[in-house]
Amino acid sequence: MNKLNSKKVLALSFLGVITFIAVVIGATYAYFTAQGGGTGNINVNANTATTDNLSFQVGNAISLTANQEDFGIGMGNKTGSTTARAMLTANNATNTATRNYYVYLDITSNNFEYTTDDEQAELLLKITDPDGTEVITLGSLERKTSGGETGFDITTQTGLITIADNYEITSTGTVTQEWQIEVIFANLDSDQNANTGKSFTANLIIQEEFIPTMVADICESGDNLASCIAEFNTLVGDGADSIYYHDVDLANGAQDNSYRYSGANPNNYVCFGATGADCQNSENQYRIIGVFNNQVKLIKATSYGSYVWEQDWNTQGNTWDGTSKPDIYTTLNTTYYNTLSSEWQNLIVETIWQVGGMAYSNTNTAKQYYDIEVGTGQSGYEETMKIGLMFVSDYGYGASPEKWTTALYEENYGTDNWLYIEDPEWFISRKASLTYDAFAVSSFSGGGVFFASVHATIAVRPSFSLTSTATISSGTGTSTDPFVLNLD
């Protein structure tokens, strides 16, 4: 990939080039205590072949502790702040020196959650640029007002946030540019006790080298989409752009060497079945569950409609075999499939779906469901078809990693889970002990996994795998700029 040639080496080298101070942040119920962390600055110099000198400084570390005893109604917000400076000295008074640099906030861990039904921001990020102007646009982050302050909502954010992107500094003598970074923990004057003991940690980074923050940063037109996702994860690591590599070293992962998107709202949108302006229509948008065996697995971003699993009340239940299949098979592989033109049908490959069924459990985690559903412990009938539904384990691993040790049965499993659409919907897995039940997401429990009668009418979201040669032509993976696929 062309971008990899120019940027991959830079990104891989940044740890050896830059020294930075960690920004460690925590929070409490609603009243937060700020503490300074150190008094010194760090200078990092980068010299050109002449005597032009570019150096960086990162301000004091920030530490806020999440202890419930710090809480007080009406006590207001607490703020932690720091600065990042770039200083450029030209080699002499007649030389004009111009360089570029990047500033990042690297959120290495964050287990905060929203405590209000309307998702008021608990953590706000405010940025002031070197001109003294507040930054009001920052990627896909949403600006919200909470506790009387307005900033970017980072309540559940993880990974890199680009603050300054290839920012230019020019000098004929010595010039200093300073970025002011502020994190605000909003007192909502409501019950925020769910965040007691929660923590947020981040590293402030300023350097000349580019660090890719999303798959689109390294993926150009004509590149293989599956390879882009794998390359990005290898380059940047787990958690970046909400991608996790499920090898044997990933705690509580599937251990199947898949790449999966997890968290609240990753940049995993794909336009399918349409081109041009029609890609802005949510009905033409799909999302990437992950990469499995070099094939990108998609799921429709919205419901295709509400359907029964099986209509026949007398003879046909949830059983799949060589001759007998439930109605959901026809709904997916005939009714839905035939809405696609042949050029799009050709991008879909036949896949083996485990449909033998499994027992329901109110204690199983994502890994436990994976093992008995599609892993080493699975047993039962397999169906080869193009269109299916997501597995229970797909849904389990769609949640933030902190949830991977939580039973999928529990209420609010849909929190910070991009696969939850707040409607009841079918999984591909049937309940093995009964012929009239199949697994489903429950909207009444905030996204917990339950089961329903196969005669129930609930949402269906088709899922399928793309051919391993699928490439992209454009897009960044956001809902407003989804990945656009090349058609052969």
# chains A, B, ... in the order shown; residues from 1 in each chain; ligands from 1

$ residues_around --residues "region 94-98 of chain A" --least-positions-apart "5" --cutoff "12 Å" --atoms "only C-alpha atoms" --output "VMD selection string"
chain A and resid 47 to 48 50 to 54 87 to 89 166 to 175

$ write_last_selection --atoms "C-alpha atoms" --output "compact mmCIF listing (two decimals), in the first residue's frame"
# COMPACT_ATOMS: atom_id res chain seq x y z
CA ASN A 47 17.14 18.65 13.97
CA THR A 48 17.24 19.10 10.22
CA THR A 50 20.94 22.47 8.81
CA THR A 51 20.75 24.06 12.25
CA ASP A 52 16.98 24.51 12.21
CA ASN A 53 15.70 23.13 15.49
CA LEU A 54 12.23 21.81 16.27
CA MET A 87 9.18 25.42 19.32
CA LEU A 88 10.93 26.08 16.02
CA THR A 89 14.20 28.00 15.74
CA ASN A 166 0.09 17.85 10.24
CA TYR A 167 -0.01 21.32 11.81
CA GLU A 168 2.39 23.85 10.30
CA ILE A 169 4.87 25.98 12.23
CA THR A 170 6.98 28.65 10.48
CA SER A 171 9.74 30.81 11.91
CA THR A 172 12.44 33.29 10.89
CA GLY A 173 13.78 33.30 14.41
CA THR A 174 12.14 31.37 17.27
CA VAL A 175 8.41 30.66 17.41

$ closest_atom_pairs --of "region 176-214 of chain A" --to "region 114-136 of chain A" --cutoff "9 Å" --atoms "only C-alpha atoms" --output "JSON lines"
{"residue": "A:Thr176", "atom": "CA", "partner": "A:Pro130", "partner_atom": "CA", "distance": 8.6}
{"residue": "A:Gln177", "atom": "CA", "partner": "A:Pro130", "partner_atom": "CA", "distance": 5.2}
{"residue": "A:Glu178", "atom": "CA", "partner": "A:Pro130", "partner_atom": "CA", "distance": 4.9}
{"residue": "A:Trp179", "atom": "CA", "partner": "A:Asp129", "partner_atom": "CA", "distance": 5.0}
{"residue": "A:Gln180", "atom": "CA", "partner": "A:Thr128", "partner_atom": "CA", "distance": 5.0}
{"residue": "A:Ile181", "atom": "CA", "partner": "A:Ile127", "partner_atom": "CA", "distance": 4.9}
{"residue": "A:Glu182", "atom": "CA", "partner": "A:Lys126", "partner_atom": "CA", "distance": 5.0}
{"residue": "A:Val183", "atom": "CA", "partner": "A:Leu125", "partner_atom": "CA", "distance": 4.7}
{"residue": "A:Ile184", "atom": "CA", "partner": "A:Leu124", "partner_atom": "CA", "distance": 5.0}
{"residue": "A:Phe185", "atom": "CA", "partner": "A:Leu123", "partner_atom": "CA", "distance": 4.9}
{"residue": "A:Ala186", "atom": "CA", "partner": "A:Glu122", "partner_atom": "CA", "distance": 5.3}
{"residue": "A:Asn187", "atom": "CA", "partner": "A:Glu122", "partner_atom": "CA", "distance": 7.7}
{"residue": "A:Leu188", "atom": "CA", "partner": "A:Glu122", "partner_atom": "CA", "distance": 7.8}
{"residue": "A:Ser190", "atom": "CA", "partner": "A:Thr116", "partner_atom": "CA", "distance": 8.2}
{"residue": "A:Asp191", "atom": "CA", "partner": "A:Thr115", "partner_atom": "CA", "distance": 7.2}
{"residue": "A:Gln192", "atom": "CA", "partner": "A:Thr115", "partner_atom": "CA", "distance": 5.5}
{"residue": "A:Asn193", "atom": "CA", "partner": "A:Thr115", "partner_atom": "CA", "distance": 7.9}
{"residue": "A:Ala194", "atom": "CA", "partner": "A:Thr115", "partner_atom": "CA", "distance": 6.5}
{"residue": "A:Asn195", "atom": "CA", "partner": "A:Thr115", "partner_atom": "CA", "distance": 7.7}

$ select_by_dssp --residues "region 262-483 of chain A" --states "strand (DSSP E or B)" --output "number ranges by chain"
A: 269-271, 285-292, 295-300, 305-308, 348-349, 351-354, 358, 382-385, 388, 399, 417, 425-431, 437-442, 448-453, 457-460, 463-466, 471-474, 483

$ residues_around --residues "region 222-239 of chain A" --least-positions-apart "2" --cutoff "6 Å" --atoms "only C-alpha atoms" --output "PyMOL selection string"
chain A and resi 159+215+219-220+242-244+294+296+470-473

$ write_last_selection --atoms "N, CA and C atoms" --output "CSV table (one decimal), in the first residue's frame"
chain,number,residue,atom,x,y,z
A,159,GLY,N,-8.4,4.8,22.7
A,159,GLY,CA,-7.5,4.9,21.5
A,159,GLY,C,-7.1,6.3,21.3
A,215,VAL,N,-8.4,3.0,10.0
A,215,VAL,CA,-8.1,2.2,8.9
A,215,VAL,C,-7.9,3.0,7.7
A,219,CYS,N,-5.3,3.0,4.1
A,219,CYS,CA,-5.9,2.2,3.1
A,219,CYS,C,-6.3,3.1,1.9
A,220,GLU,N,-5.7,2.9,0.7
A,220,GLU,CA,-6.0,3.7,-0.4
A,220,GLU,C,-6.9,3.0,-1.4
A,242,SER,N,-11.0,0.8,17.4
A,242,SER,CA,-12.0,-0.2,18.0
A,242,SER,C,-11.8,-1.6,17.4
A,243,ILE,N,-10.6,-1.9,16.9
A,243,ILE,CA,-10.3,-3.2,16.4
A,243,ILE,C,-9.4,-4.0,17.3
A,244,TYR,N,-9.8,-5.3,17.5
A,244,TYR,CA,-9.0,-6.2,18.4
A,244,TYR,C,-8.7,-7.5,17.6
A,294,ASN,N,-9.5,-14.0,6.2
A,294,ASN,CA,-9.3,-13.1,5.2
A,294,ASN,C,-10.5,-12.6,4.4
A,296,VAL,N,-14.1,-10.3,4.9
A,296,VAL,CA,-14.8,-9.3,5.8
A,296,VAL,C,-16.2,-9.7,5.9
A,470,ALA,N,-12.2,-8.5,-2.1
A,470,ALA,CA,-13.0,-7.2,-2.1
A,470,ALA,C,-12.0,-6.1,-1.8
A,471,THR,N,-12.1,-5.0,-2.6
A,471,THR,CA,-11.3,-3.8,-2.4
A,471,THR,C,-12.2,-2.6,-2.2
A,472,ILE,N,-11.6,-1.5,-1.7
A,472,ILE,CA,-12.3,-0.3,-1.5
A,472,ILE,C,-11.9,0.7,-2.5
A,473,SER,N,-12.8,1.7,-2.8
A,473,SER,CA,-12.5,2.8,-3.7
A,473,SER,C,-12.4,4.1,-3.0

$ atom_distance --atom1 "CA of Thr415 (chain A)" --atom2 "CA of Gly263 (chain A)"
8.7 Å

$ closest_atom_pairs --of "region 215-281 of chain A" --to "region 341-363 of chain A" --cutoff "10 Å" --atoms "only C-alpha atoms" --output "Markdown table"
| residue | atom | partner | partner_atom | distance |
| --- | --- | --- | --- | --- |
| A:Phe272 | CA | A:Trp344 | CA | 7.5 |
| A:Gly273 | CA | A:Trp344 | CA | 6.0 |
| A:Ala274 | CA | A:Trp344 | CA | 8.8 |

$ write_last_selection --atoms "N, CA and C atoms" --output "CSV table (one decimal), in the first residue's frame"
chain,number,residue,atom,x,y,z
A,272,PHE,N,-23.2,-0.8,0.7
A,272,PHE,CA,-23.4,-2.0,-0.1
A,272,PHE,C,-24.7,-2.0,-0.8
A,273,GLY,N,-24.7,-2.4,-2.1
A,273,GLY,CA,-25.9,-2.4,-2.8
A,273,GLY,C,-26.2,-1.1,-3.5
A,274,ALA,N,-25.3,-0.1,-3.3
A,274,ALA,CA,-25.6,1.2,-3.9
A,274,ALA,C,-24.3,1.9,-4.1

$ closest_residue --among "A:Tyr420, A:Phe464, A:Phe439, A:Phe450" --to "Ile288 (chain A)" --atoms "only C-alpha atoms"
A:Phe464

$ residues_around --residues "Gly398 (chain A)" --least-positions-apart "3" --cutoff "10 Å" --atoms "only C-alpha atoms" --output "ChimeraX atom specification"
/A:242,260-266,289-290,366,392-395,401,403-404,413-414,416-420

$ write_last_selection --atoms "N, CA and C atoms" --output "mmCIF file, in the first residue's frame"
data_model
loop_
_atom_site.group_PDB
_atom_site.id
_atom_site.type_symbol
_atom_site.label_atom_id
_atom_site.label_comp_id
_atom_site.auth_asym_id
_atom_site.auth_seq_id
_atom_site.Cartn_x
_atom_site.Cartn_y
_atom_site.Cartn_z
ATOM 1 N N SER A 242 -11.033 0.838 17.405
ATOM 2 C CA SER A 242 -11.951 -0.156 18.000
ATOM 3 C C SER A 242 -11.768 -1.560 17.429
ATOM 4 N N ARG A 260 -11.893 -8.147 15.093
ATOM 5 C CA ARG A 260 -13.280 -7.792 15.360
ATOM 6 C C ARG A 260 -13.378 -6.349 15.855
ATOM 7 N N TYR A 261 -14.467 -5.690 15.438
ATOM 8 C CA TYR A 261 -14.762 -4.345 15.929
ATOM 9 C C TYR A 261 -15.557 -4.445 17.225
ATOM 10 N N SER A 262 -15.166 -3.655 18.224
ATOM 11 C CA SER A 262 -15.825 -3.669 19.524
ATOM 12 C C SER A 262 -15.978 -2.252 20.054
ATOM 13 N N GLY A 263 -17.048 -2.031 20.811
ATOM 14 C CA GLY A 263 -17.225 -0.726 21.431
ATOM 15 C C GLY A 263 -18.481 -0.025 20.977
ATOM 16 N N ALA A 264 -18.572 1.254 21.321
ATOM 17 C CA ALA A 264 -19.822 1.993 21.156
ATOM 18 C C ALA A 264 -20.153 2.312 19.707
ATOM 19 N N ASN A 265 -19.224 2.880 18.957
ATOM 20 C CA ASN A 265 -19.546 3.308 17.593
ATOM 21 C C ASN A 265 -18.291 3.367 16.739
ATOM 22 N N PRO A 266 -17.741 2.221 16.372
ATOM 23 C CA PRO A 266 -16.507 2.213 15.573
ATOM 24 C C PRO A 266 -16.737 2.691 14.142
ATOM 25 N N ILE A 289 -18.463 -6.636 11.018
ATOM 26 C CA ILE A 289 -18.311 -7.383 12.261
ATOM 27 C C ILE A 289 -16.844 -7.668 12.504
ATOM 28 N N GLY A 290 -16.145 -8.071 11.440
ATOM 29 C CA GLY A 290 -14.722 -8.345 11.563
ATOM 30 C C GLY A 290 -14.181 -9.014 10.326
ATOM 31 N N ALA A 366 -19.026 -14.095 26.395
ATOM 32 C CA ALA A 366 -18.819 -14.155 24.945
ATOM 33 C C ALA A 366 -17.966 -15.353 24.562
ATOM 34 N N VAL A 392 -24.465 -15.356 18.317
ATOM 35 C CA VAL A 392 -24.506 -14.796 19.663
ATOM 36 C C VAL A 392 -23.117 -14.295 20.060
ATOM 37 N N SER A 393 -22.090 -15.050 19.710
ATOM 38 C CA SER A 393 -20.723 -14.644 20.056
ATOM 39 C C SER A 393 -20.286 -13.396 19.298
ATOM 40 N N ASP A 394 -20.771 -13.209 18.066
ATOM 41 C CA ASP A 394 -20.498 -11.957 17.350
ATOM 42 C C ASP A 394 -20.990 -10.776 18.175
ATOM 43 N N TYR A 395 -22.212 -10.909 18.662
ATOM 44 C CA TYR A 395 -22.821 -9.852 19.467
ATOM 45 C C TYR A 395 -22.047 -9.651 20.767
ATOM 46 N N PRO A 401 -14.425 -4.377 25.522
ATOM 47 C CA PRO A 401 -13.728 -5.526 26.126
ATOM 48 C C PRO A 401 -14.035 -5.753 27.599
ATOM 49 N N LYS A 403 -16.764 -5.826 28.926
ATOM 50 C CA LYS A 403 -17.990 -6.643 29.020
ATOM 51 C C LYS A 403 -17.738 -8.117 28.687
ATOM 52 N N TRP A 404 -16.567 -8.438 28.185
ATOM 53 C CA TRP A 404 -16.321 -9.814 27.734
ATOM 54 C C TRP A 404 -16.283 -10.816 28.881
ATOM 55 N N TYR A 413 -26.439 -5.221 28.372
ATOM 56 C CA TYR A 413 -25.283 -5.699 27.621
ATOM 57 C C TYR A 413 -25.132 -4.914 26.316
ATOM 58 N N GLY A 414 -26.186 -4.236 25.908
ATOM 59 C CA GLY A 414 -26.105 -3.419 24.698
ATOM 60 C C GLY A 414 -25.373 -2.108 24.889
ATOM 61 N N ASP A 416 -22.488 0.366 25.094
ATOM 62 C CA ASP A 416 -21.161 0.349 24.454
ATOM 63 C C ASP A 416 -20.997 -0.876 23.567
ATOM 64 N N ASN A 417 -22.070 -1.244 22.891
ATOM 65 C CA ASN A 417 -22.041 -2.373 21.970
ATOM 66 C C ASN A 417 -22.672 -1.905 20.663
ATOM 67 N N TRP A 418 -21.855 -1.699 19.642
ATOM 68 C CA TRP A 418 -22.342 -1.129 18.376
ATOM 69 C C TRP A 418 -23.348 -2.028 17.675
ATOM 70 N N LEU A 419 -23.394 -3.315 18.018
ATOM 71 C CA LEU A 419 -24.320 -4.240 17.365
ATOM 72 C C LEU A 419 -25.746 -4.137 17.915
ATOM 73 N N TYR A 420 -25.917 -3.434 19.012
ATOM 74 C CA TYR A 420 -27.249 -3.298 19.604
ATOM 75 C C TYR A 420 -27.990 -2.144 18.935
#

$ select_by_dssp --residues "region 228-436 of chain A" --states "alpha helix (DSSP H)" --output "count of residues only"
32
